[in-house]
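Shown next: protein-v4.txt, containing compact mmCIF, C-alpha atoms.
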# COMPACT_ATOMS: atom_id res chain seq x y z
CA MET A 1 198.24 -83.25 -23.47
CA THR A 2 196.02 -86.19 -22.69
CA HIS A 3 194.62 -88.23 -25.51
CA SER A 4 190.95 -87.57 -24.89
CA PRO A 5 188.37 -88.47 -27.54
CA ASP A 6 188.11 -84.75 -28.25
CA SER A 7 191.75 -84.31 -29.13
CA THR A 8 191.64 -87.42 -31.31
CA ALA A 9 188.71 -85.96 -33.20
CA LEU A 10 190.52 -82.68 -33.51
CA PHE A 11 193.61 -84.43 -34.80
CA ASP A 12 191.55 -86.38 -37.34
CA HIS A 13 189.98 -83.18 -38.53
CA LEU A 14 193.30 -81.37 -38.88
CA ARG A 15 194.83 -84.37 -40.58
CA LEU A 16 191.98 -84.41 -43.07
CA GLU A 17 192.48 -80.73 -43.82
CA LEU A 18 196.20 -81.26 -44.25
CA ARG A 19 195.70 -84.22 -46.56
CA ARG A 20 193.03 -82.64 -48.72
CA GLY A 21 195.29 -80.44 -50.79
CA SER A 22 197.92 -83.15 -51.15
CA LEU A 23 195.29 -85.58 -52.39
CA VAL A 24 194.36 -83.23 -55.20
CA LEU A 25 198.02 -83.03 -56.15
CA ALA A 26 198.43 -86.80 -56.01
CA VAL A 27 195.32 -87.40 -58.11
CA LEU A 28 196.30 -84.86 -60.74
CA ALA A 29 199.85 -86.19 -60.90
CA ALA A 30 198.70 -89.82 -61.15
CA LEU A 31 196.37 -88.92 -64.00
CA ARG A 32 199.16 -87.78 -66.26
CA THR A 33 198.61 -91.38 -67.32
CA GLU A 34 195.04 -92.27 -68.21
CA ARG A 35 193.38 -94.44 -65.60
CA TYR A 36 189.95 -95.44 -64.39
CA GLY A 37 188.80 -94.99 -60.82
CA TYR A 38 189.68 -98.37 -59.44
CA THR A 39 193.20 -98.54 -60.84
CA LEU A 40 193.80 -94.97 -59.79
CA ARG A 41 192.85 -95.89 -56.24
CA LYS A 42 195.20 -98.89 -56.34
CA THR A 43 198.05 -96.85 -57.80
CA LEU A 44 197.72 -94.24 -55.09
CA SER A 45 197.48 -96.73 -52.26
CA ASP A 46 200.48 -98.67 -53.60
CA GLN A 47 202.43 -95.43 -53.25
CA GLY A 48 201.20 -95.07 -49.68
CA MET A 49 198.51 -92.52 -50.49
CA GLU A 50 195.38 -94.20 -49.21
CA ILE A 51 192.19 -92.66 -50.49
CA ASP A 52 188.80 -94.18 -49.94
CA GLU A 53 186.34 -94.35 -52.81
CA GLY A 54 183.92 -92.06 -51.03
CA THR A 55 186.50 -89.30 -51.31
CA LEU A 56 188.02 -90.17 -54.65
CA TYR A 57 184.98 -90.27 -56.93
CA PRO A 58 183.41 -86.99 -55.81
CA LEU A 59 186.87 -85.42 -56.11
CA LEU A 60 187.30 -86.72 -59.66
CA ARG A 61 183.93 -85.30 -60.60
CA ARG A 62 184.75 -81.94 -59.08
CA LEU A 63 188.10 -81.75 -60.86
CA GLU A 64 186.40 -82.64 -64.12
CA THR A 65 183.76 -79.93 -63.65
CA GLN A 66 186.59 -77.51 -63.03
CA GLY A 67 188.12 -78.51 -66.35
CA LEU A 68 191.26 -80.06 -64.92
CA LEU A 69 190.38 -83.60 -65.95
CA GLU A 70 188.79 -85.20 -68.97
CA SER A 71 186.87 -88.42 -68.80
CA GLN A 72 185.49 -90.96 -71.17
CA TRP A 73 183.42 -94.13 -70.79
CA ARG A 74 185.14 -96.98 -72.57
CA GLU A 75 184.95 -100.72 -72.61
CA GLU A 76 187.75 -102.73 -71.10
CA ASP A 77 187.61 -106.45 -70.32
CA LYS A 78 183.99 -106.46 -71.49
CA ARG A 79 183.04 -103.86 -68.91
CA ASN A 80 182.37 -100.18 -69.19
CA LYS A 81 184.80 -98.06 -67.27
CA ARG A 82 185.21 -94.38 -66.92
CA PHE A 83 188.74 -93.33 -67.83
CA TYR A 84 190.17 -90.09 -66.55
CA ARG A 85 193.18 -88.13 -67.63
CA LEU A 86 194.68 -84.72 -67.10
CA SER A 87 193.40 -82.06 -69.50
CA ALA A 88 195.62 -79.37 -71.03
CA ALA A 89 194.40 -76.93 -68.38
CA GLY A 90 195.04 -79.60 -65.78
CA LYS A 91 198.64 -80.01 -66.89
CA GLN A 92 199.20 -76.29 -66.58
CA THR A 93 197.55 -76.16 -63.15
CA LEU A 94 199.49 -79.17 -61.91
CA LYS A 95 202.75 -77.51 -62.86
CA LEU A 96 201.84 -74.37 -60.91
CA LEU A 97 200.60 -76.37 -57.94
CA LEU A 98 203.74 -78.47 -57.80
CA ALA A 99 205.90 -75.35 -57.74
CA GLU A 100 203.71 -74.00 -54.95
CA TRP A 101 203.92 -77.25 -53.04
CA LYS A 102 207.71 -77.32 -53.31
CA ALA A 103 207.90 -73.76 -52.00
CA ILE A 104 205.65 -74.64 -49.05
CA ASN A 105 207.73 -77.71 -48.30
CA GLN A 106 210.91 -75.68 -48.44
CA SER A 107 209.60 -73.06 -46.03
CA LEU A 108 208.24 -75.69 -43.68
CA ASN A 109 211.56 -77.49 -43.63
CA ASP A 110 213.29 -74.24 -42.79
CA ILE A 111 210.85 -73.49 -39.99
CA LEU A 112 211.12 -76.95 -38.55
CA MET B 1 168.02 -108.19 -56.98
CA ASP B 2 171.36 -108.74 -55.31
CA LEU B 3 172.79 -106.79 -52.40
CA VAL B 4 175.04 -104.58 -54.51
CA GLU B 5 172.15 -103.49 -56.73
CA ARG B 6 169.98 -102.78 -53.72
CA TYR B 7 172.74 -100.66 -52.24
CA LEU B 8 173.19 -98.79 -55.52
CA GLN B 9 169.48 -98.09 -55.84
CA ALA B 10 169.46 -96.70 -52.33
CA VAL B 11 172.41 -94.43 -53.10
CA LYS B 12 170.81 -93.37 -56.36
CA MET B 13 167.78 -92.06 -54.54
CA TRP B 14 169.85 -89.32 -52.90
CA LEU B 15 172.06 -88.32 -55.81
CA PRO B 16 171.76 -85.06 -57.75
CA ALA B 17 169.25 -85.81 -60.51
CA LYS B 18 171.41 -84.92 -63.49
CA GLN B 19 174.28 -87.21 -62.54
CA LYS B 20 172.37 -90.14 -61.07
CA GLU B 21 172.97 -92.68 -63.83
CA ASP B 22 176.56 -91.74 -64.39
CA ILE B 23 177.57 -91.86 -60.75
CA VAL B 24 175.79 -95.14 -60.13
CA ALA B 25 177.43 -96.76 -63.16
CA GLU B 26 180.85 -95.72 -61.93
CA LEU B 27 180.12 -96.79 -58.38
CA ARG B 28 178.87 -100.18 -59.59
CA GLU B 29 182.09 -100.71 -61.50
CA ASP B 30 184.15 -99.80 -58.46
CA ILE B 31 182.26 -102.07 -56.09
CA ARG B 32 182.45 -104.97 -58.56
CA SER B 33 186.20 -104.50 -58.93
CA ASP B 34 186.51 -104.46 -55.17
CA ILE B 35 184.56 -107.67 -54.77
CA GLU B 36 186.36 -109.38 -57.64
CA GLU B 37 189.73 -108.57 -56.15
CA LYS B 38 188.72 -110.04 -52.81
CA GLU B 39 187.36 -113.13 -54.55
CA ALA B 40 190.60 -113.56 -56.48
CA GLU B 41 192.53 -113.34 -53.21
CA LEU B 42 190.36 -115.93 -51.49
CA ASP B 43 189.90 -117.99 -54.63
CA ARG B 44 186.16 -118.35 -53.98
CA LYS B 45 182.93 -116.40 -54.21
CA LEU B 46 182.19 -113.97 -51.40
CA SER B 47 179.30 -114.86 -49.16
CA ASP B 48 176.38 -112.48 -48.76
CA GLU B 49 177.72 -111.47 -45.35
CA GLU B 50 181.09 -110.59 -46.84
CA VAL B 51 179.49 -108.57 -49.62
CA ALA B 52 177.44 -106.77 -46.99
CA GLU B 53 180.66 -106.02 -45.15
CA VAL B 54 182.18 -104.47 -48.29
CA LEU B 55 179.10 -102.29 -48.71
CA LYS B 56 178.98 -101.33 -45.07
CA ARG B 57 182.51 -100.03 -45.29
CA ARG B 58 181.33 -97.59 -47.96
CA GLY B 59 178.92 -95.96 -45.57
CA ARG B 60 175.18 -95.55 -45.50
CA PRO B 61 173.59 -94.71 -48.86
CA LEU B 62 172.58 -91.25 -47.72
CA VAL B 63 176.14 -90.49 -46.58
CA ALA B 64 177.73 -92.03 -49.67
CA ALA B 65 175.47 -89.98 -51.94
CA GLY B 66 175.95 -86.84 -49.88
CA ARG B 67 179.61 -86.69 -50.81
CA TYR B 68 178.63 -85.82 -54.36
CA ARG B 69 176.67 -82.78 -53.33
CA THR B 70 178.38 -79.45 -53.65
CA GLN B 71 175.70 -76.92 -52.76
CA GLY B 72 174.85 -77.97 -49.26
CA VAL B 73 173.94 -74.89 -47.27
CA LEU B 74 170.80 -72.80 -47.22
CA ILE B 75 172.62 -69.67 -46.10
CA GLY B 76 176.42 -69.62 -46.31
CA PRO B 77 179.00 -68.03 -44.02
CA VAL B 78 179.08 -64.79 -46.04
CA PHE B 79 175.40 -64.01 -45.68
CA TYR B 80 174.83 -65.59 -42.29
CA PRO B 81 175.81 -62.60 -40.13
CA ILE B 82 173.74 -60.28 -42.34
CA TYR B 83 170.86 -62.71 -42.09
CA LEU B 84 171.02 -62.67 -38.30
CA LEU B 85 171.25 -58.88 -38.31
CA VAL B 86 168.20 -58.51 -40.55
CA LEU B 87 166.25 -60.95 -38.38
CA ARG B 88 167.14 -58.98 -35.26
CA LEU B 89 166.43 -55.62 -36.85
CA SER B 90 163.10 -56.69 -38.26
CA LEU B 91 162.13 -57.92 -34.82
CA ILE B 92 162.05 -54.35 -33.47
CA PRO B 93 159.31 -52.85 -35.70
CA PHE B 94 157.52 -56.19 -35.59
CA LEU B 95 157.31 -56.21 -31.79
CA MET B 96 156.39 -52.51 -31.72
CA LEU B 97 153.54 -53.08 -34.14
CA TRP B 98 152.23 -56.00 -32.14
CA THR B 99 152.51 -54.16 -28.82
CA VAL B 100 150.29 -51.49 -30.32
CA ARG B 101 147.83 -54.09 -31.52
CA PHE B 102 147.69 -55.81 -28.12
CA VAL B 103 147.15 -52.54 -26.31
CA TYR B 104 144.47 -51.53 -28.80
CA GLN B 105 142.79 -54.91 -28.25
CA LEU B 106 142.81 -54.39 -24.50
CA PHE B 107 141.05 -51.06 -24.82
CA THR B 108 138.54 -51.91 -27.51
CA SER B 109 137.59 -55.41 -26.36
CA THR B 110 133.94 -55.90 -25.52
CA LEU B 111 134.80 -58.28 -22.72
CA GLY B 112 134.16 -57.12 -19.21
CA PRO B 113 136.61 -56.60 -16.31
CA GLY B 114 135.69 -60.01 -14.90
CA ASP B 115 137.20 -61.86 -17.85
CA SER B 116 140.73 -63.16 -17.67
CA LEU B 117 143.61 -61.55 -19.52
CA ALA B 118 143.90 -64.70 -21.61
CA SER B 119 140.40 -64.37 -22.97
CA TRP B 120 141.11 -60.75 -23.84
CA LEU B 121 144.28 -61.43 -25.71
CA GLY B 122 143.76 -65.04 -26.74
CA PRO B 123 142.43 -64.52 -30.27
CA LEU B 124 145.26 -62.13 -31.07
CA SER B 125 148.16 -64.19 -29.72
CA GLY B 126 147.54 -66.98 -32.22
CA ARG B 127 147.85 -64.46 -35.03
CA PHE B 128 150.94 -63.01 -33.36
CA TRP B 129 152.76 -66.36 -33.48
CA SER B 130 151.76 -67.13 -37.02
CA SER B 131 152.93 -63.76 -38.27
CA ALA B 132 156.20 -64.16 -36.35
CA LEU B 133 156.64 -67.43 -38.20
CA TRP B 134 155.90 -65.69 -41.49
CA LEU B 135 158.48 -63.03 -40.80
CA PHE B 136 161.08 -65.68 -40.06
CA ALA B 137 160.15 -67.67 -43.15
CA ILE B 138 160.23 -64.70 -45.53
CA VAL B 139 163.59 -63.40 -44.30
CA THR B 140 165.08 -66.90 -44.43
CA LEU B 141 163.71 -67.53 -47.90
CA ALA B 142 165.01 -64.21 -49.19
CA PHE B 143 168.50 -65.03 -47.95
CA ALA B 144 168.36 -68.56 -49.32
CA VAL B 145 167.54 -67.10 -52.75
CA LEU B 146 170.35 -64.58 -52.37
CA GLU B 147 172.74 -67.42 -51.52
CA ARG B 148 171.74 -69.36 -54.63
CA VAL B 149 172.13 -66.35 -56.88
CA GLN B 150 175.50 -65.55 -55.41
CA ALA B 151 176.67 -69.15 -55.74
CA ARG B 152 175.74 -69.12 -59.41
CA THR B 153 177.31 -65.81 -60.34
CA GLY B 154 180.31 -66.26 -58.05
Encoded form using structure tokens:
Amino acid sequence: MTHSPDSTALFDHLRLELRRGSLVLAVLAALRTERYGYTLRKTLSDQGMEIDEGTLYPLLRRLETQGLLESQWREEDKRNKRFYRLSAAGKQTLKLLLAEWKAINQSLNDIL
Amino acid sequence: MDLVERYLQAVKMWLPAKQKEDIVAELREDIRSDIEEKEAELDRKLSDEEVAEVLKRRGRPLVAAGRYRTQGVLIGPVFYPIYLLVLRLSLIPFLMLWTVRFVYQLFTSTLGPGDSLASWLGPLSGRFWSSALWLFAIVTLAFAVLERVQARTG
């Protein structure tokens, strides 16, 4: 297959789809420890999971609305920051999702 | 007002009303942290151009704000085919009704045989188009309302 602009766009789109679910997992898992947005972003990117702020903050808000995260504005270093952490429901959901993810990985490995 | 604040105000304009303040406060904190980290790396203040570069990377205000919107469609994929069907189906009686009206106009018009067809039908065709537009608007509106209700009740 040639690498036309179209196929690059298609690849980007598919890659985004593929990453989306994993990002949710990564965010939930990283928030077992309480963090605010910026440090969360750094933590994830240090682990090789790049996420730009335009994706992260709306995602955090969505997960909070869904009851998986809890957040709180608090002062740190004389500045107000919004700290997020996994809620009880979030912990439960993360556990189920991780089991699901492992099963998917297992099947994929077998297929490949 | 500095560049960052101007950017934030522009984003704020397009945010969902209830969350405006909250989102902007968080975004401000994130941008500041970003800039501070770069400044610590370089061991100097960022120039206006460099700050602008940081902001540009975050996308246009409208796009940046748009990511926070959840309800984005007027008529979703569930209702869309039904919407198209209703539009098509309502077109049939609509066109029949207007054919009758045009024919009636032709026969009852006081204009003579020397007048053009346009002057016979002219006054009616304006009303035809405006009622076609009304039909389209009402059906679309009804489905948009349906979509909202369905989104709320799940």
field: Ref. answer, residues at most 12 Å from (180.9, -100.8, -47.9) with all atoms listed in the file, as a PyMOL selection string
entry: (chain A and resi 52-54) or (chain B and resi 3-4+7-8+11+27-28+30-32+34-35+49-61+63-64)
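Distances from B:Ser90, B:Ser130, B:Ser47, B:Thr70 to chain A were compared using only C-alpha atoms, and the smallest one belongs to B:Thr70.
Residues from chain A that have an atom within 8 Å of chain B, counting all atoms listed in the file, are Gly37, Tyr38, Glu53, Gly54, Thr55, Pro58, Asn80, Lys81 and Arg82 of chain A.
Pairwise distance (atom CA of Arg20 of chain A, atom CA of Met13 of chain B) equals 27.6 Å.
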message: Quick one: residues within 9 Å of segment 97-103 of chain B, all atoms listed in the file, excluding same-chain residues fewer than 6 positions away - as a PyMOL selection string?
response: chain B and resi 121+124-125+128
Phe79 of chain B environment, 12 Å, all atoms listed in the file, sequence neighbours closer than 2 positions dropped, as a ChimeraX atom specification: /B:73-77,81-86,139-140,142-151
- request: Calculate how many Å separate atom CA of Leu69 of chain A from atom CA of Gly90 of chain A, rounding to one decimal.
  value: 6.1 Å
statement: In Å and to one decimal, atom CA of Asp77 of chain A is distant from atom CA of Ala40 of chain B by 15.8 Å
